[in-house]
Amino acid sequence: MKYESQGIAKLYFIAAIALFVGQILFGVTMGLQYVMGDFLFPEIPFNVARMVHTNLLIVWLLFGFMGSAYFLVPEEAERELYSPMLAKVMFWVFLTAGVLTILGYLLVPYARLAEITMNDLLPTMGREFLEQPTITKIGIVIVALAFIFNIGMTILSGRKTVINVVLLTGLVGLAVFFLFSFYNPDNLVLDKYFWWFVVHLWVEGVWELIMASLLAYVLIKVTGVDREVIEKWLYIIIAMALISGLVGTGHHFFWIGTPDYWQWLGSIFSALEPIPFFMMTLFAFNVVNKRRRDHPNKAAVLWALGTAVMAFLGAGVWGFLHTLAPVNFYTHGTQITAAHGHMAFYGAYVMVVLTMISYSMPLMRGQKAANVNAQKHEIRSFWIMTISMVFITLLLTGAGIMQVYLQRYAADPLPFMVVQDRLAHFYWAREVAGITFLYGLFLYIYSFFAKGEEVADVE
Amino acid sequence: MRETFTKGMARNIYYGGAVFFFLVLIGLTVDTVKRLPATDNRENLTEQVAAGKRLWEVNNCIGCHTLLGEGAYFAPELGNVYTRFGESTEAIKAFIKYRPVEGIEGRRSMPQFNLTDEELEELAQFLKYVDGIKTARDWPPNIQG
């Protein structure tokens, strides 16, 4: 760690991991509710558990991105952070807002929460992933602006590298597109259309810029490969991400009352969306093969390769699986979507944040890399979580194929709930995979505390 | 990557591609918004429907159901529930109204939201309006949603 202010990232990462645990606890709760419908009913109905599950994911990933930026930017810009104080204050503001919002979901009925937070003044609640009370959304904007100001000032007055400029572009995009969450017209088609300007343009747009720049940074650090080579890759990956992903938004405009031409545009452009992810995989393996040093942090290298592969599988392959309009006609809004969502988020965003944490945490704790035993546990947790997620995805895909057939394709389509009962085996197996994932996560946390022999310094 | 393909070229593809396709997206968005009156059923978007949409939101219905295929996959699609319930807003209202407070043993069940008769009517009218949106190929594929 070259600059003292990079250490602020530690706070952000600890909060991220704590909220990650919460996310998975609610995930396995929902998994159980899929097969034991009355589990925790009516205290924590499914919709509440889901809201907590998805919102915790978003919040902890944002903590992860912010922590990553605070660690990366000073080093890339070759100066201390513009205002370490602002970064600390915003951490507590964001954590408080996040925790209060989650407690609000859990402790009062959602309609009551809407009332307390005066949703009527500017109704923005009750849309998928954007369930936060309007006041929380305003808080998110304030935190995001303060964060971007801080990071931006650091970069502008320091060294500008391709990595930190791309990261900043991604973060600015994240903040700008979030503003669409305040637009909630009564017209449902318009509402849905612009809802995707937050959701799609985040996860299939600007977040890819963030992901690619974080990955590029870690790869430079752990492989020692020439920056010029890495930056060229970075540009071409994010170029493909935006060239395919912007008009690729159209794959969400097939069945929501939007014009028919989206069937063609959405299908063609989103069929190109796997390309940047495939290039990321090529990039990661290429660079690691050409490494000029063997970094003692083996775990970080594994996470970096893992995120590239799993993002390609989850976002690329599983996305392509149902992105063509004639296929999506049958699969839209089934367990196929859930399967894709799980592996894509894990592979692309969870894993890239864990890559950053894996690389930076030892440095912030005054080590080159975690000790041998700790890395052994971390690597084991990598495999347990990743393989569990592969199973979750495969099982949901199986459930989804059955669902599509029974409910939408067969000559005598069956009602939704009848079909769900028939999928119980898939859901039980998915629950087992989910609990295994949780075990992997605990092992991951344990790895930070595991004692052992220090790594040999090979440099 | 080959030396003939320089970082400068990669950068230009990135900036050029991003700006170009962002403008394409904006253009398509303008065109889409212009064409929506033909399909989005705005002629039936009454005050009552708007109130129903708010109820849909503040009770987090999307947390279990899908609406035009978007939402959670725990409970049935509601974009065509009006058709599925025999084009009866009364049937929709009765379903919501008589959900047991404690749920149904061992099964998924919908919470009791304690809506007033007026609110039930608003919500039912909202679902009827959604059913009237002209989706491509008349999605969902069949009445089961």
# chains A, B, ... in the order shown; residues from 1 in each chain; ligands from 1

$ interface_residues --of "chain A" --to "chain B" --cutoff "7 Å" --atoms "only C-alpha atoms" --output "number ranges by chain"
A: 36-38, 41-42, 46-47, 50-51, 110-111, 114, 125-128, 186-187, 189, 232, 235-236, 238-239, 242-243, 246-247, 254-260, 330, 332-335, 407-408, 413-416

$ write_last_selection --atoms "N, CA and C atoms" --output "compact mmCIF listing (two decimals), in the first residue's frame"
# COMPACT_ATOMS: atom_id res chain seq x y z
N MET A 36 -41.31 -24.77 1.04
CA MET A 36 -42.16 -24.75 2.24
C MET A 36 -42.81 -23.37 2.26
N GLY A 37 -43.90 -23.28 1.53
CA GLY A 37 -44.52 -21.98 1.26
C GLY A 37 -44.85 -21.18 2.50
N ASP A 38 -45.13 -21.85 3.63
CA ASP A 38 -45.54 -21.11 4.83
C ASP A 38 -44.38 -20.80 5.77
N PHE A 41 -44.08 -17.35 7.37
CA PHE A 41 -45.27 -16.60 6.98
C PHE A 41 -46.19 -16.44 8.19
N PRO A 42 -46.79 -15.32 8.43
CA PRO A 42 -46.74 -14.09 7.64
C PRO A 42 -45.68 -13.08 8.12
N PHE A 46 -42.45 -13.86 1.37
CA PHE A 46 -41.45 -13.98 0.31
C PHE A 46 -41.03 -12.63 -0.26
N ASN A 47 -42.02 -11.77 -0.51
CA ASN A 47 -41.67 -10.50 -1.16
C ASN A 47 -40.70 -9.67 -0.32
N ARG A 50 -37.24 -11.32 -0.49
CA ARG A 50 -36.62 -11.09 -1.79
C ARG A 50 -36.07 -9.67 -1.90
N MET A 51 -36.87 -8.75 -1.39
CA MET A 51 -36.44 -7.35 -1.42
C MET A 51 -35.14 -7.18 -0.62
N TYR A 110 -44.63 -3.06 4.18
CA TYR A 110 -44.07 -2.18 3.15
C TYR A 110 -44.96 -0.96 2.89
N ALA A 111 -46.27 -1.16 2.91
CA ALA A 111 -47.19 -0.04 2.67
C ALA A 111 -47.04 1.02 3.77
N ALA A 114 -43.93 2.98 3.16
CA ALA A 114 -44.18 3.98 2.12
C ALA A 114 -44.84 5.21 2.73
N MET A 125 -41.34 4.02 -5.01
CA MET A 125 -41.17 2.70 -4.38
C MET A 125 -41.90 1.61 -5.16
N GLY A 126 -41.63 0.37 -4.75
CA GLY A 126 -42.43 -0.76 -5.22
C GLY A 126 -42.14 -1.23 -6.62
N ARG A 127 -40.98 -0.84 -7.17
CA ARG A 127 -40.59 -1.39 -8.46
C ARG A 127 -39.35 -2.25 -8.23
N GLU A 128 -39.27 -3.35 -8.93
CA GLU A 128 -38.24 -4.35 -8.68
C GLU A 128 -36.85 -3.72 -8.60
N ASP A 186 -47.43 7.00 -14.39
CA ASP A 186 -48.57 6.10 -14.20
C ASP A 186 -48.69 5.11 -15.35
N ASN A 187 -48.23 5.54 -16.52
CA ASN A 187 -48.27 4.68 -17.70
C ASN A 187 -47.26 3.54 -17.53
N VAL A 189 -46.19 1.11 -19.35
CA VAL A 189 -45.22 0.80 -20.41
C VAL A 189 -44.04 1.77 -20.34
N LYS A 232 -4.84 -1.60 -23.74
CA LYS A 232 -5.41 -1.86 -25.06
C LYS A 232 -6.58 -2.85 -24.95
N TYR A 235 -9.64 -1.13 -23.33
CA TYR A 235 -10.41 -0.30 -24.26
C TYR A 235 -11.30 -1.16 -25.17
N ILE A 236 -10.74 -2.20 -25.68
CA ILE A 236 -11.49 -2.96 -26.68
C ILE A 236 -12.63 -3.75 -26.00
N ILE A 238 -14.31 -2.78 -23.21
CA ILE A 238 -15.43 -1.89 -22.87
C ILE A 238 -16.07 -1.31 -24.13
N ALA A 239 -15.30 -1.18 -25.21
CA ALA A 239 -15.90 -0.75 -26.47
C ALA A 239 -16.97 -1.75 -26.88
N LEU A 242 -20.18 -1.63 -24.69
CA LEU A 242 -21.14 -0.57 -24.97
C LEU A 242 -21.74 -0.69 -26.37
N ILE A 243 -20.94 -1.11 -27.34
CA ILE A 243 -21.46 -1.27 -28.70
C ILE A 243 -22.59 -2.31 -28.70
N LEU A 246 -25.66 -1.17 -25.37
CA LEU A 246 -26.57 -0.01 -25.36
C LEU A 246 -27.86 -0.34 -26.12
N VAL A 247 -27.74 -0.72 -27.38
CA VAL A 247 -28.95 -1.08 -28.12
C VAL A 247 -29.44 -2.46 -27.65
N PHE A 254 -39.16 -6.66 -25.55
CA PHE A 254 -39.88 -7.58 -26.43
C PHE A 254 -41.38 -7.61 -26.12
N TRP A 255 -41.72 -7.72 -24.81
CA TRP A 255 -43.11 -8.05 -24.46
C TRP A 255 -43.76 -7.06 -23.51
N ILE A 256 -43.34 -5.82 -23.54
CA ILE A 256 -43.90 -4.88 -22.57
C ILE A 256 -44.71 -3.78 -23.25
N GLY A 257 -45.17 -4.05 -24.47
CA GLY A 257 -46.02 -3.07 -25.14
C GLY A 257 -45.24 -2.08 -25.99
N THR A 258 -43.96 -2.37 -26.23
CA THR A 258 -43.09 -1.51 -27.03
C THR A 258 -43.11 -1.99 -28.49
N PRO A 259 -42.67 -1.13 -29.43
CA PRO A 259 -42.79 -1.49 -30.85
C PRO A 259 -42.07 -2.80 -31.23
N ASP A 260 -42.60 -3.42 -32.28
CA ASP A 260 -42.10 -4.73 -32.70
C ASP A 260 -40.63 -4.72 -33.15
N TYR A 330 -41.02 -17.70 -24.90
CA TYR A 330 -41.40 -18.77 -23.96
C TYR A 330 -40.73 -18.66 -22.60
N HIS A 332 -39.43 -15.84 -21.02
CA HIS A 332 -39.50 -14.55 -20.32
C HIS A 332 -40.20 -14.68 -18.97
N GLY A 333 -39.48 -14.26 -17.92
CA GLY A 333 -40.09 -14.27 -16.59
C GLY A 333 -40.29 -15.66 -16.00
N THR A 334 -39.38 -16.59 -16.33
CA THR A 334 -39.45 -17.92 -15.72
C THR A 334 -38.17 -18.15 -14.90
N GLN A 335 -38.02 -19.36 -14.41
CA GLN A 335 -36.82 -19.69 -13.63
C GLN A 335 -35.55 -19.60 -14.48
N GLN A 407 -45.93 -25.09 -18.60
CA GLN A 407 -46.82 -23.95 -18.45
C GLN A 407 -47.05 -23.20 -19.77
N ARG A 408 -46.08 -23.32 -20.69
CA ARG A 408 -46.18 -22.46 -21.88
C ARG A 408 -46.11 -23.19 -23.21
N PRO A 413 -51.46 -26.43 -21.44
CA PRO A 413 -50.65 -25.71 -20.45
C PRO A 413 -51.28 -25.80 -19.05
N LEU A 414 -50.41 -26.00 -18.05
CA LEU A 414 -50.90 -26.13 -16.68
C LEU A 414 -50.78 -24.79 -15.95
N PRO A 415 -51.62 -24.59 -14.93
CA PRO A 415 -51.52 -23.35 -14.15
C PRO A 415 -50.17 -23.23 -13.43
N PHE A 416 -49.79 -22.00 -13.20
CA PHE A 416 -48.50 -21.68 -12.57
C PHE A 416 -48.23 -22.51 -11.32

$ residues_around --residues "Phe277 (chain A)" --least-positions-apart "6" --cutoff "7 Å" --atoms "only C-alpha atoms" --output "PyMOL selection string"
chain A and resi 311-312+316

$ write_last_selection --atoms "N, CA and C atoms" --output "PDB file, in the first residue's frame"
ATOM      1  N   ALA A 311     -18.153 -14.745 -15.328  1.00  0.00           N
ATOM      2  CA  ALA A 311     -18.931 -13.666 -15.944  1.00  0.00           C
ATOM      3  C   ALA A 311     -19.296 -14.072 -17.370  1.00  0.00           C
ATOM      4  N   PHE A 312     -18.354 -14.684 -18.062  1.00  0.00           N
ATOM      5  CA  PHE A 312     -18.649 -15.127 -19.424  1.00  0.00           C
ATOM      6  C   PHE A 312     -19.760 -16.185 -19.420  1.00  0.00           C
ATOM      7  N   GLY A 316     -22.662 -14.026 -20.205  1.00  0.00           N
ATOM      8  CA  GLY A 316     -22.565 -14.274 -21.637  1.00  0.00           C
ATOM      9  C   GLY A 316     -23.402 -15.460 -22.101  1.00  0.00           C
TER      10      GLY A 316
END

$ closest_residue --among "A:Asn297, A:Thr393, A:Thr169, A:Thr331" --to "Glu378 (chain A)" --atoms "only C-alpha atoms"
A:Asn297

$ residues_around --residues "Ile135 (chain A)" --least-positions-apart "2" --cutoff "10 Å" --atoms "only C-alpha atoms" --output "number ranges by chain"
A: 97, 101, 117-119, 122, 124, 132-133, 137-141

$ select_by_dssp --residues "chain B" --states "strand (DSSP E or B)" --output "list in words"
Thr66, Leu67, Glu70 and Gly71 of chain B

$ write_last_selection --atoms "C-alpha atoms" --output "tab-separated table (two decimals), in the first residue's frame"
chain	number	residue	atom	x	y	z
B	66	THR	CA	-44.40	-10.99	-12.52
B	67	LEU	CA	-46.18	-8.27	-14.48
B	70	GLU	CA	-40.94	-8.78	-15.01
B	71	GLY	CA	-40.71	-9.19	-11.28

$ atom_distance --atom1 "CA of Gly205 (chain A)" --atom2 "CA of Met153 (chain A)"
24.0 Å

$ residues_around --residues "Ile445 (chain A)" --least-positions-apart "2" --cutoff "12 Å" --atoms "only C-alpha atoms" --output "MDAnalysis selection string"
chainID A and resid 13:14 16:18 20:21 354 357:358 374:375 377:382 438:443 447:450

$ write_last_selection --atoms "N, CA and C atoms" --output "PDB file, in the first residue's frame"
ATOM      1  N   PHE A  13     -14.898  -2.591   2.617  1.00  0.00           N
ATOM      2  CA  PHE A  13     -14.895  -4.026   2.322  1.00  0.00           C
ATOM      3  C   PHE A  13     -15.496  -4.832   3.475  1.00  0.00           C
ATOM      4  N   ILE A  14     -15.213  -4.414   4.708  1.00  0.00           N
ATOM      5  CA  ILE A  14     -15.776  -5.141   5.847  1.00  0.00           C
ATOM      6  C   ILE A  14     -17.305  -5.035   5.811  1.00  0.00           C
ATOM      7  N   ALA A  16     -19.115  -4.498   3.196  1.00  0.00           N
ATOM      8  CA  ALA A  16     -19.592  -5.258   2.037  1.00  0.00           C
ATOM      9  C   ALA A  16     -19.748  -6.730   2.400  1.00  0.00           C
ATOM     10  N   ILE A  17     -18.733  -7.283   3.052  1.00  0.00           N
ATOM     11  CA  ILE A  17     -18.787  -8.713   3.364  1.00  0.00           C
ATOM     12  C   ILE A  17     -19.887  -9.005   4.381  1.00  0.00           C
ATOM     13  N   ALA A  18     -20.051  -8.116   5.357  1.00  0.00           N
ATOM     14  CA  ALA A  18     -21.117  -8.324   6.354  1.00  0.00           C
ATOM     15  C   ALA A  18     -22.491  -8.330   5.684  1.00  0.00           C
ATOM     16  N   PHE A  20     -23.072  -8.996   2.586  1.00  0.00           N
ATOM     17  CA  PHE A  20     -23.087 -10.188   1.731  1.00  0.00           C
ATOM     18  C   PHE A  20     -23.642 -11.374   2.524  1.00  0.00           C
ATOM     19  N   VAL A  21     -23.193 -11.522   3.781  1.00  0.00           N
ATOM     20  CA  VAL A  21     -23.703 -12.612   4.617  1.00  0.00           C
ATOM     21  C   VAL A  21     -25.224 -12.469   4.764  1.00  0.00           C
ATOM     22  N   LEU A 354     -14.733  -9.470  -4.938  1.00  0.00           N
ATOM     23  CA  LEU A 354     -13.917 -10.367  -4.112  1.00  0.00           C
ATOM     24  C   LEU A 354     -12.469 -10.428  -4.626  1.00  0.00           C
ATOM     25  N   ILE A 357     -10.921  -7.371  -3.154  1.00  0.00           N
ATOM     26  CA  ILE A 357     -10.719  -7.567  -1.714  1.00  0.00           C
ATOM     27  C   ILE A 357      -9.543  -8.510  -1.489  1.00  0.00           C
ATOM     28  N   SER A 358      -9.515  -9.579  -2.262  1.00  0.00           N
ATOM     29  CA  SER A 358      -8.461 -10.575  -2.099  1.00  0.00           C
ATOM     30  C   SER A 358      -7.083  -9.950  -2.330  1.00  0.00           C
ATOM     31  N   ALA A 374      -4.211 -19.210   5.303  1.00  0.00           N
ATOM     32  CA  ALA A 374      -5.354 -18.350   4.981  1.00  0.00           C
ATOM     33  C   ALA A 374      -5.689 -18.454   3.490  1.00  0.00           C
ATOM     34  N   GLN A 375      -4.667 -18.446   2.659  1.00  0.00           N
ATOM     35  CA  GLN A 375      -4.913 -18.562   1.216  1.00  0.00           C
ATOM     36  C   GLN A 375      -5.514 -19.915   0.855  1.00  0.00           C
ATOM     37  N   HIS A 377      -7.510 -21.625   2.719  1.00  0.00           N
ATOM     38  CA  HIS A 377      -8.936 -21.550   3.041  1.00  0.00           C
ATOM     39  C   HIS A 377      -9.694 -20.671   2.053  1.00  0.00           C
ATOM     40  N   GLU A 378      -9.059 -19.581   1.653  1.00  0.00           N
ATOM     41  CA  GLU A 378      -9.726 -18.676   0.715  1.00  0.00           C
ATOM     42  C   GLU A 378      -9.960 -19.386  -0.627  1.00  0.00           C
ATOM     43  N   ILE A 379      -8.936 -20.128  -1.065  1.00  0.00           N
ATOM     44  CA  ILE A 379      -9.067 -20.833  -2.344  1.00  0.00           C
ATOM     45  C   ILE A 379     -10.144 -21.915  -2.246  1.00  0.00           C
ATOM     46  N   ARG A 380     -10.170 -22.578  -1.090  1.00  0.00           N
ATOM     47  CA  ARG A 380     -11.223 -23.584  -0.914  1.00  0.00           C
ATOM     48  C   ARG A 380     -12.603 -22.917  -0.951  1.00  0.00           C
ATOM     49  N   SER A 381     -12.725 -21.760  -0.309  1.00  0.00           N
ATOM     50  CA  SER A 381     -14.028 -21.070  -0.311  1.00  0.00           C
ATOM     51  C   SER A 381     -14.388 -20.605  -1.718  1.00  0.00           C
ATOM     52  N   PHE A 382     -13.388 -20.231  -2.499  1.00  0.00           N
ATOM     53  CA  PHE A 382     -13.625 -19.873  -3.907  1.00  0.00           C
ATOM     54  C   PHE A 382     -14.316 -21.025  -4.621  1.00  0.00           C
ATOM     55  N   LEU A 438     -23.514 -20.866   1.391  1.00  0.00           N
ATOM     56  CA  LEU A 438     -23.404 -20.159   2.669  1.00  0.00           C
ATOM     57  C   LEU A 438     -22.215 -20.684   3.466  1.00  0.00           C
ATOM     58  N   TYR A 439     -22.027 -22.004   3.437  1.00  0.00           N
ATOM     59  CA  TYR A 439     -20.876 -22.601   4.110  1.00  0.00           C
ATOM     60  C   TYR A 439     -19.574 -22.050   3.502  1.00  0.00           C
ATOM     61  N   GLY A 440     -19.540 -21.985   2.189  1.00  0.00           N
ATOM     62  CA  GLY A 440     -18.374 -21.434   1.496  1.00  0.00           C
ATOM     63  C   GLY A 440     -18.095 -20.003   1.919  1.00  0.00           C
ATOM     64  N   LEU A 441     -19.165 -19.249   2.101  1.00  0.00           N
ATOM     65  CA  LEU A 441     -19.018 -17.851   2.505  1.00  0.00           C
ATOM     66  C   LEU A 441     -18.436 -17.737   3.918  1.00  0.00           C
ATOM     67  N   PHE A 442     -18.894 -18.623   4.821  1.00  0.00           N
ATOM     68  CA  PHE A 442     -18.333 -18.607   6.177  1.00  0.00           C
ATOM     69  C   PHE A 442     -16.847 -18.970   6.153  1.00  0.00           C
ATOM     70  N   LEU A 443     -16.522 -19.934   5.301  1.00  0.00           N
ATOM     71  CA  LEU A 443     -15.126 -20.339   5.168  1.00  0.00           C
ATOM     72  C   LEU A 443     -14.293 -19.172   4.651  1.00  0.00           C
ATOM     73  N   SER A 447     -11.153 -17.307   6.494  1.00  0.00           N
ATOM     74  CA  SER A 447      -9.810 -17.199   5.910  1.00  0.00           C
ATOM     75  C   SER A 447      -9.102 -15.899   6.319  1.00  0.00           C
ATOM     76  N   PHE A 448      -9.874 -14.873   6.662  1.00  0.00           N
ATOM     77  CA  PHE A 448      -9.242 -13.618   7.083  1.00  0.00           C
ATOM     78  C   PHE A 448      -8.605 -13.743   8.470  1.00  0.00           C
ATOM     79  N   PHE A 449      -9.055 -14.731   9.220  1.00  0.00           N
ATOM     80  CA  PHE A 449      -8.563 -14.888  10.591  1.00  0.00           C
ATOM     81  C   PHE A 449      -7.622 -16.076  10.755  1.00  0.00           C
ATOM     82  N   ALA A 450      -7.506 -16.890   9.698  1.00  0.00           N
ATOM     83  CA  ALA A 450      -6.690 -18.105   9.803  1.00  0.00           C
ATOM     84  C   ALA A 450      -5.217 -17.739   9.970  1.00  0.00           C
TER      85      ALA A 450
END

$ residues_around --residues "region 23-32 of chain A" --least-positions-apart "3" --cutoff "6 Å" --atoms "only C-alpha atoms" --output "JSON, numbers by chain"
{"A": [20, 35, 36, 49, 53, 56, 431, 434]}

$ residues_around --residues "Ser157 (chain A)" --least-positions-apart "4" --cutoff "12 Å" --atoms "only C-alpha atoms" --output "ChimeraX atom specification"
/A:73-74,76-82,149-153
